[in-house]
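Reviewing the structure listed below.
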Amino acid sequence: PTVPDTSNVNLWAELGVIFMLFSIGIEFSFKKLKSDGSTAFTTGIIQTVALMTIGYYLGRALEFNKMASIFLGATLAISSTTIILKTFEELQ
């Protein structure tokens with residue numbers, strides 16, 4: 001392992017998730033969800049499935065095992081969803 005003390009890495013990872021969820025929760029609006037809910041849901045499902053698939057096959061092309069390829073797909077789906085949400089908010 002490149003990091004001798006994994007407890008610090010775990011602590012910072014958990015803090016990062018807490019801050020990310022907090023920032024998403026602050027910007028959550030039920031009115032906005034009600035008006036844009038079906039479009040956002042459909043777009044989110046399509047985007048997540050597409051990026052999971054792309055990440056999986058990219059991982060397999062790079063000769064990752066199945067679990068690492070699935071993890072790569074999930075990472076791409078989660079990170080790109082956050083970026084796209086911020087972009088949509090800026091464009092209104």
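Just remember, in the structure tokens the first chain shown is A, the second B, etc., residues are 1-based per chain, and ligands are 1-based in the order shown.
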
Neighbouring residues of Phe28 of chain A were defined as those with any atom within 12 Å, considering only C-alpha atoms; residues of the same chain fewer than 6 positions away were excluded. Please report them as a PDB file with C-alpha atoms, in the first residue's frame.
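Result saved to around_24.pdb:
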```pdb
ATOM      1  CA  LEU A  21     -24.275  15.422   0.951  1.00  0.00           C
ATOM      2  CA  PHE A  22     -24.636  18.596   3.016  1.00  0.00           C
ATOM      3  CA  LYS A  34     -42.197  18.749  -8.506  1.00  0.00           C
ATOM      4  CA  LEU A  85     -26.402  19.027 -11.921  1.00  0.00           C
ATOM      5  CA  GLU A  89     -28.269  24.962 -12.179  1.00  0.00           C
TER       6      GLU A  89
END
```

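Taking atom CA of Ala77 of chain A as the reference point, atom CA of Met52 of chain A is found at 5.9 Å.
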
Would you compute the distance between atom CA of Met67 of chain A and atom CA of Asn8 of chain A? Give it in Å to one decimal. 24.6 Å

Interatomic distance (Å, one decimal) between atom CA of Ala74 of chain A and atom CA of Lys86 of chain A: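 According to the coordinates, atom CA of Ala74 of chain A and atom CA of Lys86 of chain A are separated by 18.8 Å.
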
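Of the listed residues (A:Ser35, A:Ser29, A:Gln47, A:Asn10), A:Gln47 comes nearest to Ser79 of chain A; the distances count only C-alpha atoms.
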